[in-house]
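Down below is the structure, laid out as structure tokens.
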Amino acid sequence: MSTRTPVKAGALLLAACAGLAFTSVPASAQTQLPDGPALARNLVKKVTVSGINRHLIAFQRLADRNGGSRAAGTPGYDASVDYIADKLRDAGYDVTTPEFTYPVQVLDAAFAQVGDTRVEAIPMEESPQTPEGGVTGPLVAVPQDATPGCEASDFAGLPMTGAVALIRRGACTFESKAKNAHAAGAVAVLVANNVDGPLSGVTVVDGVVPTGGVSKADGDTLFGLGGTSATVDMRFHIEERPSRNVVAQTRTGRTDNVVMAGAHLDSVEVGPGINDNGTGSAALLETAIRLGGSPKVNNAVRFAWWGAEELGLIGSTKYVQSLTFEQQLDIALYLNFDMIGSPNAAYFVYDGDDSDAVGAGEGPYGSAQIEAAFVDFLGATGVETEGTDFSGRSDYGEFIAQGIPAGGLFTGAEGVKTEAQAARWGGEAGVAYDPCYHQACDNLGNVDRVALDRNADAMAWVTASYGISTEDINGAPPRMATAGKTTTMAAVSDRDARAAYRLSVIESQAHEHHGGHSHAATS
């Protein structure tokens with residue numbers, strides 16, 4: 001992913017965007033809507049940013065009352081699950097909170113001893129462990145330039161063979177830093193945070209060398225101890241712990257051609273997660289409430305709030321994998337909403353047809369049509385969009401792996417807004433879309449409510465439209481278009497076609513690696 005912004009620039013942007021967020025909210029009712037189903041038009045008018053904001057306030061307070069976090073396994077997350085489920089039951093939905101388990105790294109050793117100085121060194125997810133007693137070598141600090149440790153040249157001329165590498169966080173992924181250090185001969189890597197506080201709850205994808213995080217303050221100390229003998233001991237064992245998703249479905253509409261929409265509910269450990277992903281969760285909740293549990297739809301609508309996304313898309317992955325093939329066939333499509341109110345917002349739509357020719361390629365058939373539905377609605381309401389790759393970093397991953405068409409919206413995370421994007425959308429070029437991404441400052445002040453309102457309109461429009469008809473996705477006609485026996489035959493024919501297609505996708509997946517990592521995979 002793109003470069004993270006310096007803390008000072010992020011703080012300035014946050015202050016500016018917080019003022020914008022609270023004072024410049026457009027009224028959805030005044031938006032000129034395109035032609036479309038009456039249900040979609042009415043739902044857009046009913047889903048308001050003020051209603052969504054009330055849920056964001058609830059998430060903030062639930063975090064504040066529970067140690068400042070809504071991460072999986074915390075009381076703040078459990079309280080968020082109960083809040084969502086209660087609201088949905090009140091709205092007339094059939095609601096379940098299916099349990100799943102997720103692996104937790106339980107630390108057995110987590111320190112670096114550098115001369116007489118001992119600091120906490122927390123092993124990253126997917127990092128190899130050290131042997132008992134740790135590994136020892138001289139501490140070698142990588143220069144703290146604009147892209148520390150991000151290029152192999154950063155290690156040129158440093159005595160890195162057998163050393164413990166010390167690298168400042170920022171500008172590239174943790175795995176890039178670790179792989180470059182390993183290639184230069186390091187036996188362990190310490191990444192020092194670039195903001196106050198510990199560096200924990202993050203992932204070094206496909207780790208090749210023991211890699212741990214140290215706090216900014218400890219990192220500052222260690223950068224003054226270059227050349228000193230260092231022992232790094234980072235060991236852990238894995239325990240399985242329970243968590244819950246929230247799943248709610250309308251009581252009306254076809255149950256064999258379900259429109260599914262989801263957002264992850266959990267935050268990272270260090271903060272309340274109001275943009276990531278309170279925005280997606282709150283907008284989805286308000287959309288569900290305003291749609292109601294028994295709307296006049298042809299296709300049932302199923303809403304889901306996923307747990308343990310930040311630990312590797314676990315809740316959504318286990319949910320999809322728990323379904324039989326027939327139950328997966330009942331899902332016509334999946335819509336994903338992860339971070340839709342970033343304070344320096346972009347307007348990204350998942351690139352279902354791979355027209356950008358970047359990254360993972362196109363989604364299953366129907367994904368291009370989903371992309372077009374979002375692009376067309378936002379364009380009709382005056383918002384220009386860009387594509388974003390199915391990079392495997394959010395909960396669409398397992399749906400796509402099983403051949404289910406997918407799409408959705410995203411306003412950006414740690415990537416940096418370009419000059420062209422700032423000219424198109426406003427905001428500040430050279431600064432992250434979300435300067436508080438995966439930090440404690442991801443709070444109520446970290447949301448662009450203009451972007452949130454626009455994306456919530458698109459969410460409501462597309463979800464309701466597919467509740468009426470998915471004909472462009474899978475050939476299933478709306479109920480009103482056929483009658484009696486013809487409807488039944490069309491449904492059977494459509495289902496057979498879906499079955500054959502998805503089996504072919506699953507077979508192709510067996511020959512490819514379709515990896516997925518949450519936002520935690522980045523530096």
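Labels used: A, B, ... for chains in the order of the structure tokens, numbers from 1 for residues in each chain, and numbers from 1 for ligands as shown.
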
Selection near segment 327-330 of chain A, 7 Å with only C-alpha atoms, sequence-local residues under 6 positions removed, as a PyMOL selection string: chain A and resi 255-258+498-499

Neighbour list for Gly115 of chain A as a VMD selection string, cut-off 12 Å, only C-alpha atoms, skip fewer than 6 positions in-chain: chain A and resid 136 to 139 221 to 222 224 to 232

Put those residues in a file: N, CA and C atoms, as an mmCIF file, in the first residue's frame.
data_model
loop_
_atom_site.group_PDB
_atom_site.id
_atom_site.type_symbol
_atom_site.label_atom_id
_atom_site.label_comp_id
_atom_site.auth_asym_id
_atom_site.auth_seq_id
_atom_site.Cartn_x
_atom_site.Cartn_y
_atom_site.Cartn_z
ATOM 1 N N THR A 136 21.021 -13.210 19.596
ATOM 2 C CA THR A 136 21.891 -12.115 20.035
ATOM 3 C C THR A 136 22.753 -11.634 18.881
ATOM 4 N N GLY A 137 22.918 -10.327 18.812
ATOM 5 C CA GLY A 137 23.781 -9.706 17.812
ATOM 6 C C GLY A 137 23.898 -8.230 18.097
ATOM 7 N N PRO A 138 24.809 -7.548 17.447
ATOM 8 C CA PRO A 138 24.916 -6.100 17.654
ATOM 9 C C PRO A 138 23.668 -5.385 17.124
ATOM 10 N N LEU A 139 23.250 -4.347 17.823
ATOM 11 C CA LEU A 139 22.115 -3.546 17.367
ATOM 12 C C LEU A 139 22.593 -2.593 16.281
ATOM 13 N N THR A 221 15.132 5.613 22.504
ATOM 14 C CA THR A 221 16.261 5.222 23.358
ATOM 15 C C THR A 221 17.210 4.293 22.618
ATOM 16 N N LEU A 222 16.644 3.297 21.931
ATOM 17 C CA LEU A 222 17.486 2.303 21.260
ATOM 18 C C LEU A 222 18.285 2.902 20.113
ATOM 19 N N GLY A 224 19.863 5.413 20.131
ATOM 20 C CA GLY A 224 21.096 5.948 20.704
ATOM 21 C C GLY A 224 22.051 4.881 21.184
ATOM 22 N N LEU A 225 21.731 3.609 20.961
ATOM 23 C CA LEU A 225 22.549 2.506 21.468
ATOM 24 C C LEU A 225 23.101 1.640 20.346
ATOM 25 N N GLY A 226 23.217 2.188 19.156
ATOM 26 C CA GLY A 226 23.737 1.430 18.027
ATOM 27 C C GLY A 226 25.095 0.819 18.318
ATOM 28 N N GLY A 227 25.292 -0.438 17.909
ATOM 29 C CA GLY A 227 26.542 -1.154 18.133
ATOM 30 C C GLY A 227 26.584 -1.959 19.410
ATOM 31 N N THR A 228 25.620 -1.695 20.333
ATOM 32 C CA THR A 228 25.566 -2.422 21.601
ATOM 33 C C THR A 228 25.012 -3.831 21.371
ATOM 34 N N SER A 229 25.539 -4.806 22.110
ATOM 35 C CA SER A 229 25.034 -6.175 21.995
ATOM 36 C C SER A 229 23.562 -6.230 22.427
ATOM 37 N N ALA A 230 22.738 -6.878 21.600
ATOM 38 C CA ALA A 230 21.298 -6.956 21.859
ATOM 39 C C ALA A 230 20.838 -8.407 21.795
ATOM 40 N N THR A 231 20.005 -8.775 22.772
ATOM 41 C CA THR A 231 19.349 -10.083 22.759
ATOM 42 C C THR A 231 17.847 -9.858 22.622
ATOM 43 N N VAL A 232 17.262 -10.486 21.625
ATOM 44 C CA VAL A 232 15.824 -10.374 21.382
ATOM 45 C C VAL A 232 15.195 -11.731 21.640
#

Contact residues around Pro148 of chain A with only C-alpha atoms at 9 Å, ignoring same-chain residues under 5 positions, as a PyMOL selection string: chain A and resi 142-143+154+167-172+177

Who sits within 8 Å of segment 364-376 of chain A, only C-alpha atoms, same chain under 6 positions skipped, as a list in words: Leu333, Val349, Tyr350, Asp351, Gly352, Asp353, Glu384, Thr385, Ile400, Gly403, Ile404, Pro405, Ala406, Gly407, Gly408, Ala458, Val462, Asp472, Ile473, Asn474 and Val505 of chain A

Deliver the residues from the most recent selection as a file, using N, CA, C and O atoms, as an mmCIF file, in the first residue's frame.
data_model
loop_
_atom_site.group_PDB
_atom_site.id
_atom_site.type_symbol
_atom_site.label_atom_id
_atom_site.label_comp_id
_atom_site.auth_asym_id
_atom_site.auth_seq_id
_atom_site.Cartn_x
_atom_site.Cartn_y
_atom_site.Cartn_z
ATOM 1 N N LEU A 333 -25.082 -12.196 -4.248
ATOM 2 C CA LEU A 333 -23.960 -11.263 -4.336
ATOM 3 C C LEU A 333 -23.620 -10.777 -2.931
ATOM 4 O O LEU A 333 -24.418 -10.916 -1.998
ATOM 5 N N VAL A 349 -14.272 2.595 -5.548
ATOM 6 C CA VAL A 349 -15.219 1.499 -5.772
ATOM 7 C C VAL A 349 -14.402 0.282 -6.183
ATOM 8 O O VAL A 349 -13.490 0.399 -7.027
ATOM 9 N N TYR A 350 -14.681 -0.882 -5.595
ATOM 10 C CA TYR A 350 -13.908 -2.076 -5.921
ATOM 11 C C TYR A 350 -14.009 -2.393 -7.412
ATOM 12 O O TYR A 350 -15.096 -2.389 -8.003
ATOM 13 N N ASP A 351 -12.842 -2.674 -8.008
ATOM 14 C CA ASP A 351 -12.690 -2.805 -9.448
ATOM 15 C C ASP A 351 -13.113 -4.200 -9.903
ATOM 16 O O ASP A 351 -12.284 -5.079 -10.153
ATOM 17 N N GLY A 352 -14.421 -4.389 -10.037
ATOM 18 C CA GLY A 352 -14.954 -5.706 -10.329
ATOM 19 C C GLY A 352 -14.577 -6.251 -11.688
ATOM 20 O O GLY A 352 -14.488 -7.469 -11.874
ATOM 21 N N ASP A 353 -14.340 -5.370 -12.674
ATOM 22 C CA ASP A 353 -14.015 -5.829 -14.028
ATOM 23 C C ASP A 353 -12.526 -5.757 -14.332
ATOM 24 O O ASP A 353 -12.106 -6.059 -15.452
ATOM 25 N N GLU A 384 -17.295 11.805 -8.555
ATOM 26 C CA GLU A 384 -16.430 11.023 -9.435
ATOM 27 C C GLU A 384 -15.699 9.968 -8.604
ATOM 28 O O GLU A 384 -15.284 10.234 -7.465
ATOM 29 N N THR A 385 -15.513 8.777 -9.153
ATOM 30 C CA THR A 385 -14.910 7.673 -8.407
ATOM 31 C C THR A 385 -13.647 7.167 -9.102
ATOM 32 O O THR A 385 -13.389 7.464 -10.272
ATOM 33 N N ILE A 400 -15.441 -14.046 -2.714
ATOM 34 C CA ILE A 400 -14.847 -14.138 -4.039
ATOM 35 C C ILE A 400 -14.228 -15.519 -4.245
ATOM 36 O O ILE A 400 -14.357 -16.120 -5.323
ATOM 37 N N GLY A 403 -16.656 -17.934 -5.498
ATOM 38 C CA GLY A 403 -17.350 -17.621 -6.740
ATOM 39 C C GLY A 403 -18.532 -16.699 -6.600
ATOM 40 O O GLY A 403 -19.309 -16.545 -7.550
ATOM 41 N N ILE A 404 -18.685 -16.056 -5.455
ATOM 42 C CA ILE A 404 -19.812 -15.152 -5.221
ATOM 43 C C ILE A 404 -19.408 -13.747 -5.663
ATOM 44 O O ILE A 404 -18.398 -13.215 -5.191
ATOM 45 N N PRO A 405 -20.147 -13.117 -6.570
ATOM 46 C CA PRO A 405 -19.785 -11.775 -7.030
ATOM 47 C C PRO A 405 -19.798 -10.780 -5.870
ATOM 48 O O PRO A 405 -20.623 -10.879 -4.960
ATOM 49 N N ALA A 406 -18.883 -9.827 -5.928
ATOM 50 C CA ALA A 406 -18.726 -8.900 -4.801
ATOM 51 C C ALA A 406 -18.362 -7.517 -5.307
ATOM 52 O O ALA A 406 -17.903 -7.327 -6.435
ATOM 53 N N GLY A 407 -18.558 -6.552 -4.431
ATOM 54 C CA GLY A 407 -18.189 -5.170 -4.702
ATOM 55 C C GLY A 407 -18.377 -4.348 -3.446
ATOM 56 O O GLY A 407 -18.758 -4.872 -2.398
ATOM 57 N N GLY A 408 -18.117 -3.058 -3.554
ATOM 58 C CA GLY A 408 -18.292 -2.221 -2.378
ATOM 59 C C GLY A 408 -17.554 -0.908 -2.484
ATOM 60 O O GLY A 408 -17.042 -0.531 -3.557
ATOM 61 N N ALA A 458 -25.133 5.749 -1.470
ATOM 62 C CA ALA A 458 -24.821 4.717 -2.459
ATOM 63 C C ALA A 458 -25.100 3.327 -1.906
ATOM 64 O O ALA A 458 -25.616 2.450 -2.621
ATOM 65 N N VAL A 462 -27.891 0.927 -3.817
ATOM 66 C CA VAL A 462 -27.496 -0.325 -4.467
ATOM 67 C C VAL A 462 -28.094 -1.526 -3.737
ATOM 68 O O VAL A 462 -28.588 -2.478 -4.369
ATOM 69 N N ASP A 472 -29.235 -8.436 -13.673
ATOM 70 C CA ASP A 472 -27.975 -8.171 -14.371
ATOM 71 C C ASP A 472 -26.797 -8.908 -13.748
ATOM 72 O O ASP A 472 -25.742 -9.032 -14.366
ATOM 73 N N ILE A 473 -26.985 -9.420 -12.529
ATOM 74 C CA ILE A 473 -25.927 -10.161 -11.844
ATOM 75 C C ILE A 473 -25.952 -11.640 -12.224
ATOM 76 O O ILE A 473 -24.929 -12.241 -12.540
ATOM 77 N N ASN A 474 -27.140 -12.230 -12.173
ATOM 78 C CA ASN A 474 -27.225 -13.680 -12.337
ATOM 79 C C ASN A 474 -28.410 -14.150 -13.176
ATOM 80 O O ASN A 474 -28.705 -15.350 -13.218
ATOM 81 N N VAL A 505 -15.167 -21.752 -10.383
ATOM 82 C CA VAL A 505 -14.322 -20.796 -9.661
ATOM 83 C C VAL A 505 -13.593 -21.485 -8.525
ATOM 84 O O VAL A 505 -12.392 -21.301 -8.317
#

Ser80 of chain A surroundings by only C-alpha atoms, 12 Å radius, close-in-sequence under 2 positions cut, as a PyMOL selection string: chain A and resi 55-66+69-78+82-87+97+243-246+264-267+272-274+277-278+281-282+285+305-307

Filtering to C-alpha atoms, could you give me those residues as a JSON list (two decimals), in the first residue's frame?
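Below is the file part_20.json, written as the result:
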[["chain", "number", "residue", "atom", "x", "y", "z"],
["A", 55, "HIS", "CA", -24.49, 4.93, 16.02],
["A", 56, "LEU", "CA", -20.95, 6.28, 15.78],
["A", 57, "ILE", "CA", -21.47, 8.08, 19.09],
["A", 58, "ALA", "CA", -22.68, 4.79, 20.55],
["A", 59, "PHE", "CA", -19.54, 2.97, 19.34],
["A", 60, "GLN", "CA", -17.32, 5.70, 20.81],
["A", 61, "ARG", "CA", -19.04, 5.49, 24.19],
["A", 62, "LEU", "CA", -18.97, 1.70, 24.22],
["A", 63, "ALA", "CA", -15.22, 1.89, 23.63],
["A", 64, "ASP", "CA", -14.75, 4.61, 26.26],
["A", 65, "ARG", "CA", -16.58, 2.50, 28.84],
["A", 66, "ASN", "CA", -14.45, -0.54, 28.04],
["A", 69, "SER", "CA", -11.20, -0.40, 22.35],
["A", 70, "ARG", "CA", -13.75, -2.49, 20.46],
["A", 71, "ALA", "CA", -11.28, -5.17, 19.36],
["A", 72, "ALA", "CA", -12.24, -8.84, 19.11],
["A", 73, "GLY", "CA", -12.12, -10.46, 22.53],
["A", 74, "THR", "CA", -12.75, -7.23, 24.44],
["A", 75, "PRO", "CA", -15.84, -6.14, 26.40],
["A", 76, "GLY", "CA", -16.11, -3.21, 23.99],
["A", 77, "TYR", "CA", -16.59, -5.59, 21.07],
["A", 78, "ASP", "CA", -19.17, -7.70, 22.93],
["A", 82, "ASP", "CA", -25.27, -6.52, 21.62],
["A", 83, "TYR", "CA", -26.00, -2.95, 20.49],
["A", 84, "ILE", "CA", -26.28, -3.98, 16.83],
["A", 85, "ALA", "CA", -28.35, -7.10, 17.57],
["A", 86, "ASP", "CA", -30.82, -5.23, 19.80],
["A", 87, "LYS", "CA", -31.37, -2.52, 17.19],
["A", 97, "THR", "CA", -24.99, -14.01, 16.55],
["A", 243, "SER", "CA", -16.11, -14.30, 19.19],
["A", 244, "ARG", "CA", -19.36, -13.54, 17.39],
["A", 245, "ASN", "CA", -20.66, -12.20, 14.10],
["A", 246, "VAL", "CA", -24.08, -10.55, 13.80],
["A", 264, "HIS", "CA", -16.54, -5.55, 10.00],
["A", 265, "LEU", "CA", -17.46, -4.48, 13.50],
["A", 266, "ASP", "CA", -14.17, -4.91, 15.37],
["A", 267, "SER", "CA", -11.51, -2.26, 15.88],
["A", 272, "PRO", "CA", -12.19, 2.74, 19.24],
["A", 273, "GLY", "CA", -12.14, 2.26, 15.45],
["A", 274, "ILE", "CA", -14.68, 4.93, 14.54],
["A", 277, "ASN", "CA", -14.82, 0.43, 10.71],
["A", 278, "GLY", "CA", -17.44, 2.24, 12.74],
["A", 281, "SER", "CA", -20.92, -0.68, 10.50],
["A", 282, "ALA", "CA", -23.00, 2.36, 11.47],
["A", 285, "LEU", "CA", -27.03, -0.58, 10.63],
["A", 305, "TRP", "CA", -21.31, -7.44, 10.95],
["A", 306, "TRP", "CA", -18.07, -9.39, 11.05],
["A", 307, "GLY", "CA", -15.79, -10.08, 14.00]]

Atomic distance atom CA of Asn53 of chain A - atom CA of Thr411 of chain A, expressed in Å with one decimal: 17.1 Å

Test item: residues at most 6 Å from segment 431-440 of chain A, only C-alpha atoms, excluding those fewer than 4 positions along its chain, as a list in words: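 Near neighbours after the sequence-gap exclusion: Arg4, Thr5, Gly10, Val270, Gly271, Ser342, Pro343, Asn344, Ala345, Gly412, Ala413, Glu414, Gly415, Val416 and Lys417 of chain A.
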
Now that the selection is made, can you save its residues with C-alpha atoms as a CSV table (one decimal), in the first residue's frame?
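Result written to out_21.csv:
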chain,number,residue,atom,x,y,z
A,4,ARG,CA,1.9,6.7,5.5
A,5,THR,CA,1.9,10.4,6.4
A,10,GLY,CA,-1.8,14.0,10.0
A,270,VAL,CA,-5.3,0.5,20.4
A,271,GLY,CA,-8.4,2.5,19.7
A,342,SER,CA,-12.0,8.7,6.0
A,343,PRO,CA,-11.1,12.3,7.0
A,344,ASN,CA,-9.0,12.9,3.8
A,345,ALA,CA,-11.5,10.9,1.8
A,412,GLY,CA,-8.8,5.0,1.9
A,413,ALA,CA,-6.6,4.0,4.8
A,414,GLU,CA,-2.9,4.6,5.1
A,415,GLY,CA,-2.4,5.3,1.4
A,416,VAL,CA,-1.5,8.9,0.4
A,417,LYS,CA,-3.8,11.2,-1.5

Gap from atom CA of Val191 of chain A to atom CA of Ala110 of chain A - Å, one decimal: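 Rounded to one decimal, the two atoms are 13.4 Å apart.
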
Nearby residues (only C-alpha atoms) at most 7 Å from segment 201-217 of chain A, same-chain spacing under 4 positions excluded, as number ranges by chain: A: 120-130, 174-175, 178-179, 182, 187-197, 221, 268-269, 520-521

Counting only C-alpha atoms, the option among A:Gln105, A:Asn443, A:Thr252, A:Asn336 closest to Asp276 of chain A: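 Result for the nearest residue to Asp276 of chain A: A:Asn443.
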
Strand (DSSP E) residues, from DSSP on the backbone, in segment 30-239 of chain A, as an mmCIF file with C-alpha atoms, in the first residue's frame:
data_model
loop_
_atom_site.group_PDB
_atom_site.id
_atom_site.type_symbol
_atom_site.label_atom_id
_atom_site.label_comp_id
_atom_site.auth_asym_id
_atom_site.auth_seq_id
_atom_site.Cartn_x
_atom_site.Cartn_y
_atom_site.Cartn_z
ATOM 1 C CA ASP A 94 -34.470 -12.422 12.251
ATOM 2 C CA VAL A 95 -31.134 -12.013 14.068
ATOM 3 C CA THR A 96 -28.411 -14.503 14.981
ATOM 4 C CA GLU A 99 -19.948 -17.933 17.323
ATOM 5 C CA PHE A 100 -16.584 -18.758 15.810
ATOM 6 C CA THR A 101 -13.098 -19.094 17.222
ATOM 7 C CA TYR A 102 -9.984 -17.173 16.313
ATOM 8 C CA PRO A 103 -6.331 -17.791 17.174
ATOM 9 C CA VAL A 104 -4.664 -15.543 19.733
ATOM 10 C CA GLN A 105 -0.950 -15.136 20.227
ATOM 11 C CA VAL A 106 -0.265 -15.530 23.948
ATOM 12 C CA LEU A 107 3.151 -14.135 24.776
ATOM 13 C CA ASP A 108 5.727 -16.280 26.537
ATOM 14 C CA ALA A 109 8.595 -13.811 26.030
ATOM 15 C CA ALA A 110 8.555 -10.326 24.540
ATOM 16 C CA PHE A 111 11.647 -8.230 25.207
ATOM 17 C CA ALA A 112 14.890 -6.874 23.832
ATOM 18 C CA GLN A 113 17.877 -6.528 26.147
ATOM 19 C CA VAL A 114 20.320 -3.968 24.750
ATOM 20 C CA THR A 117 18.471 -1.389 28.750
ATOM 21 C CA ARG A 118 15.499 -3.748 28.580
ATOM 22 C CA VAL A 119 12.437 -2.850 26.490
ATOM 23 C CA GLU A 120 9.210 -4.576 25.540
ATOM 24 C CA ILE A 122 5.997 -7.498 20.931
ATOM 25 C CA PRO A 123 6.182 -10.126 18.176
ATOM 26 C CA VAL A 135 18.935 -14.420 19.427
ATOM 27 C CA THR A 136 21.891 -12.115 20.035
ATOM 28 C CA GLY A 137 23.781 -9.706 17.812
ATOM 29 C CA PRO A 138 24.916 -6.100 17.654
ATOM 30 C CA LEU A 139 22.115 -3.546 17.367
ATOM 31 C CA VAL A 140 22.317 -1.803 13.986
ATOM 32 C CA ALA A 141 20.071 1.195 13.367
ATOM 33 C CA VAL A 164 19.542 -7.024 15.218
ATOM 34 C CA ALA A 165 18.096 -4.427 12.852
ATOM 35 C CA LEU A 166 16.334 -1.380 14.321
ATOM 36 C CA ILE A 167 13.979 0.338 11.846
ATOM 37 C CA ARG A 168 11.511 3.174 12.278
ATOM 38 C CA ALA A 188 15.994 -10.221 14.183
ATOM 39 C CA VAL A 189 14.147 -6.981 13.414
ATOM 40 C CA LEU A 190 12.797 -4.368 15.825
ATOM 41 C CA VAL A 191 10.380 -1.821 14.344
ATOM 42 C CA ALA A 192 10.049 1.337 16.425
ATOM 43 C CA THR A 211 10.109 -9.266 13.897
ATOM 44 C CA GLY A 212 8.723 -7.285 16.815
ATOM 45 C CA GLY A 213 7.424 -3.834 17.608
ATOM 46 C CA VAL A 214 8.709 -1.419 20.244
ATOM 47 C CA SER A 229 25.034 -6.175 21.995
ATOM 48 C CA ALA A 230 21.298 -6.956 21.859
ATOM 49 C CA THR A 231 19.349 -10.083 22.759
ATOM 50 C CA VAL A 232 15.824 -10.374 21.382
ATOM 51 C CA ASP A 233 13.531 -13.001 22.900
ATOM 52 C CA MET A 234 10.066 -13.192 21.309
ATOM 53 C CA ARG A 235 8.094 -16.385 21.861
ATOM 54 C CA PHE A 236 4.406 -17.208 22.080
ATOM 55 C CA HIS A 237 1.840 -19.960 21.896
ATOM 56 C CA ILE A 238 -1.540 -19.977 20.167
ATOM 57 C CA GLU A 239 -4.901 -20.273 21.920
#

A:Ser176, A:Gln402, A:Asn42, A:Ser355 ranked by distance to Ser465 of chain A, top pick (using only C-alpha atoms): A:Asn42

Helix (DSSP H, G or I) residues, from DSSP on the backbone, in segment 64-155 of chain A, as JSON, numbers by chain: {"A": [64, 75, 76, 77, 78, 79, 80, 81, 82, 83, 84, 85, 86, 87, 88, 89, 90, 152, 153, 154, 155]}

Please produce a file of those selected residues containing N, CA, C and O atoms, as an mmCIF file, in the first residue's frame.
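Listing of result.cif after writing:
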data_model
loop_
_atom_site.group_PDB
_atom_site.id
_atom_site.type_symbol
_atom_site.label_atom_id
_atom_site.label_comp_id
_atom_site.auth_asym_id
_atom_site.auth_seq_id
_atom_site.Cartn_x
_atom_site.Cartn_y
_atom_site.Cartn_z
ATOM 1 N N ASP A 64 -15.197 3.826 25.104
ATOM 2 C CA ASP A 64 -14.746 4.606 26.262
ATOM 3 C C ASP A 64 -15.053 3.892 27.578
ATOM 4 O O ASP A 64 -14.287 3.987 28.539
ATOM 5 N N PRO A 75 -14.459 -6.503 26.026
ATOM 6 C CA PRO A 75 -15.838 -6.143 26.395
ATOM 7 C C PRO A 75 -16.448 -5.104 25.459
ATOM 8 O O PRO A 75 -17.656 -5.100 25.224
ATOM 9 N N GLY A 76 -15.609 -4.217 24.916
ATOM 10 C CA GLY A 76 -16.110 -3.214 23.987
ATOM 11 C C GLY A 76 -16.674 -3.832 22.721
ATOM 12 O O GLY A 76 -17.665 -3.338 22.165
ATOM 13 N N TYR A 77 -16.051 -4.910 22.255
ATOM 14 C CA TYR A 77 -16.594 -5.594 21.073
ATOM 15 C C TYR A 77 -17.904 -6.295 21.408
ATOM 16 O O TYR A 77 -18.884 -6.202 20.659
ATOM 17 N N ASP A 78 -17.933 -7.005 22.530
ATOM 18 C CA ASP A 78 -19.165 -7.698 22.927
ATOM 19 C C ASP A 78 -20.324 -6.714 23.083
ATOM 20 O O ASP A 78 -21.459 -7.004 22.688
ATOM 21 N N ALA A 79 -20.034 -5.539 23.655
ATOM 22 C CA ALA A 79 -21.081 -4.522 23.809
ATOM 23 C C ALA A 79 -21.553 -4.014 22.445
ATOM 24 O O ALA A 79 -22.743 -3.727 22.251
ATOM 25 N N SER A 80 -20.629 -3.919 21.485
ATOM 26 C CA SER A 80 -21.002 -3.490 20.135
ATOM 27 C C SER A 80 -21.902 -4.521 19.466
ATOM 28 O O SER A 80 -22.874 -4.167 18.776
ATOM 29 N N VAL A 81 -21.594 -5.805 19.642
ATOM 30 C CA VAL A 81 -22.436 -6.871 19.105
ATOM 31 C C VAL A 81 -23.848 -6.765 19.669
ATOM 32 O O VAL A 81 -24.847 -6.833 18.933
ATOM 33 N N ASP A 82 -23.951 -6.589 20.981
ATOM 34 C CA ASP A 82 -25.270 -6.517 21.618
ATOM 35 C C ASP A 82 -26.041 -5.288 21.148
ATOM 36 O O ASP A 82 -27.267 -5.354 20.941
ATOM 37 N N TYR A 83 -25.351 -4.173 20.968
ATOM 38 C CA TYR A 83 -25.999 -2.950 20.495
ATOM 39 C C TYR A 83 -26.598 -3.170 19.107
ATOM 40 O O TYR A 83 -27.776 -2.835 18.859
ATOM 41 N N ILE A 84 -25.806 -3.732 18.198
ATOM 42 C CA ILE A 84 -26.284 -3.985 16.832
ATOM 43 C C ILE A 84 -27.468 -4.948 16.851
ATOM 44 O O ILE A 84 -28.511 -4.707 16.220
ATOM 45 N N ALA A 85 -27.305 -6.071 17.566
ATOM 46 C CA ALA A 85 -28.351 -7.101 17.570
ATOM 47 C C ALA A 85 -29.666 -6.573 18.143
ATOM 48 O O ALA A 85 -30.753 -6.868 17.621
ATOM 49 N N ASP A 86 -29.598 -5.779 19.204
ATOM 50 C CA ASP A 86 -30.816 -5.228 19.804
ATOM 51 C C ASP A 86 -31.527 -4.284 18.839
ATOM 52 O O ASP A 86 -32.768 -4.313 18.719
ATOM 53 N N LYS A 87 -30.769 -3.440 18.150
ATOM 54 C CA LYS A 87 -31.371 -2.519 17.190
ATOM 55 C C LYS A 87 -32.071 -3.272 16.064
ATOM 56 O O LYS A 87 -33.167 -2.895 15.612
ATOM 57 N N LEU A 88 -31.454 -4.345 15.604
ATOM 58 C CA LEU A 88 -32.019 -5.115 14.502
ATOM 59 C C LEU A 88 -33.281 -5.869 14.921
ATOM 60 O O LEU A 88 -34.254 -5.948 14.160
ATOM 61 N N ARG A 89 -33.268 -6.418 16.111
ATOM 62 C CA ARG A 89 -34.476 -7.103 16.594
ATOM 63 C C ARG A 89 -35.627 -6.122 16.722
ATOM 64 O O ARG A 89 -36.776 -6.433 16.372
ATOM 65 N N ASP A 90 -35.316 -4.915 17.213
ATOM 66 C CA ASP A 90 -36.355 -3.893 17.325
ATOM 67 C C ASP A 90 -36.917 -3.513 15.952
ATOM 68 O O ASP A 90 -38.078 -3.095 15.847
ATOM 69 N N ALA A 152 16.295 -1.972 -0.438
ATOM 70 C CA ALA A 152 17.498 -2.738 -0.110
ATOM 71 C C ALA A 152 18.700 -1.818 0.072
ATOM 72 O O ALA A 152 19.596 -2.099 0.883
ATOM 73 N N SER A 153 18.701 -0.697 -0.651
ATOM 74 C CA SER A 153 19.829 0.232 -0.550
ATOM 75 C C SER A 153 19.950 0.861 0.832
ATOM 76 O O SER A 153 21.029 1.366 1.189
ATOM 77 N N ASP A 154 18.865 0.852 1.615
ATOM 78 C CA ASP A 154 18.939 1.407 2.966
ATOM 79 C C ASP A 154 19.911 0.624 3.847
ATOM 80 O O ASP A 154 20.365 1.140 4.879
ATOM 81 N N PHE A 155 20.207 -0.610 3.461
ATOM 82 C CA PHE A 155 21.049 -1.470 4.283
ATOM 83 C C PHE A 155 22.481 -1.563 3.750
ATOM 84 O O PHE A 155 23.332 -2.194 4.373
#
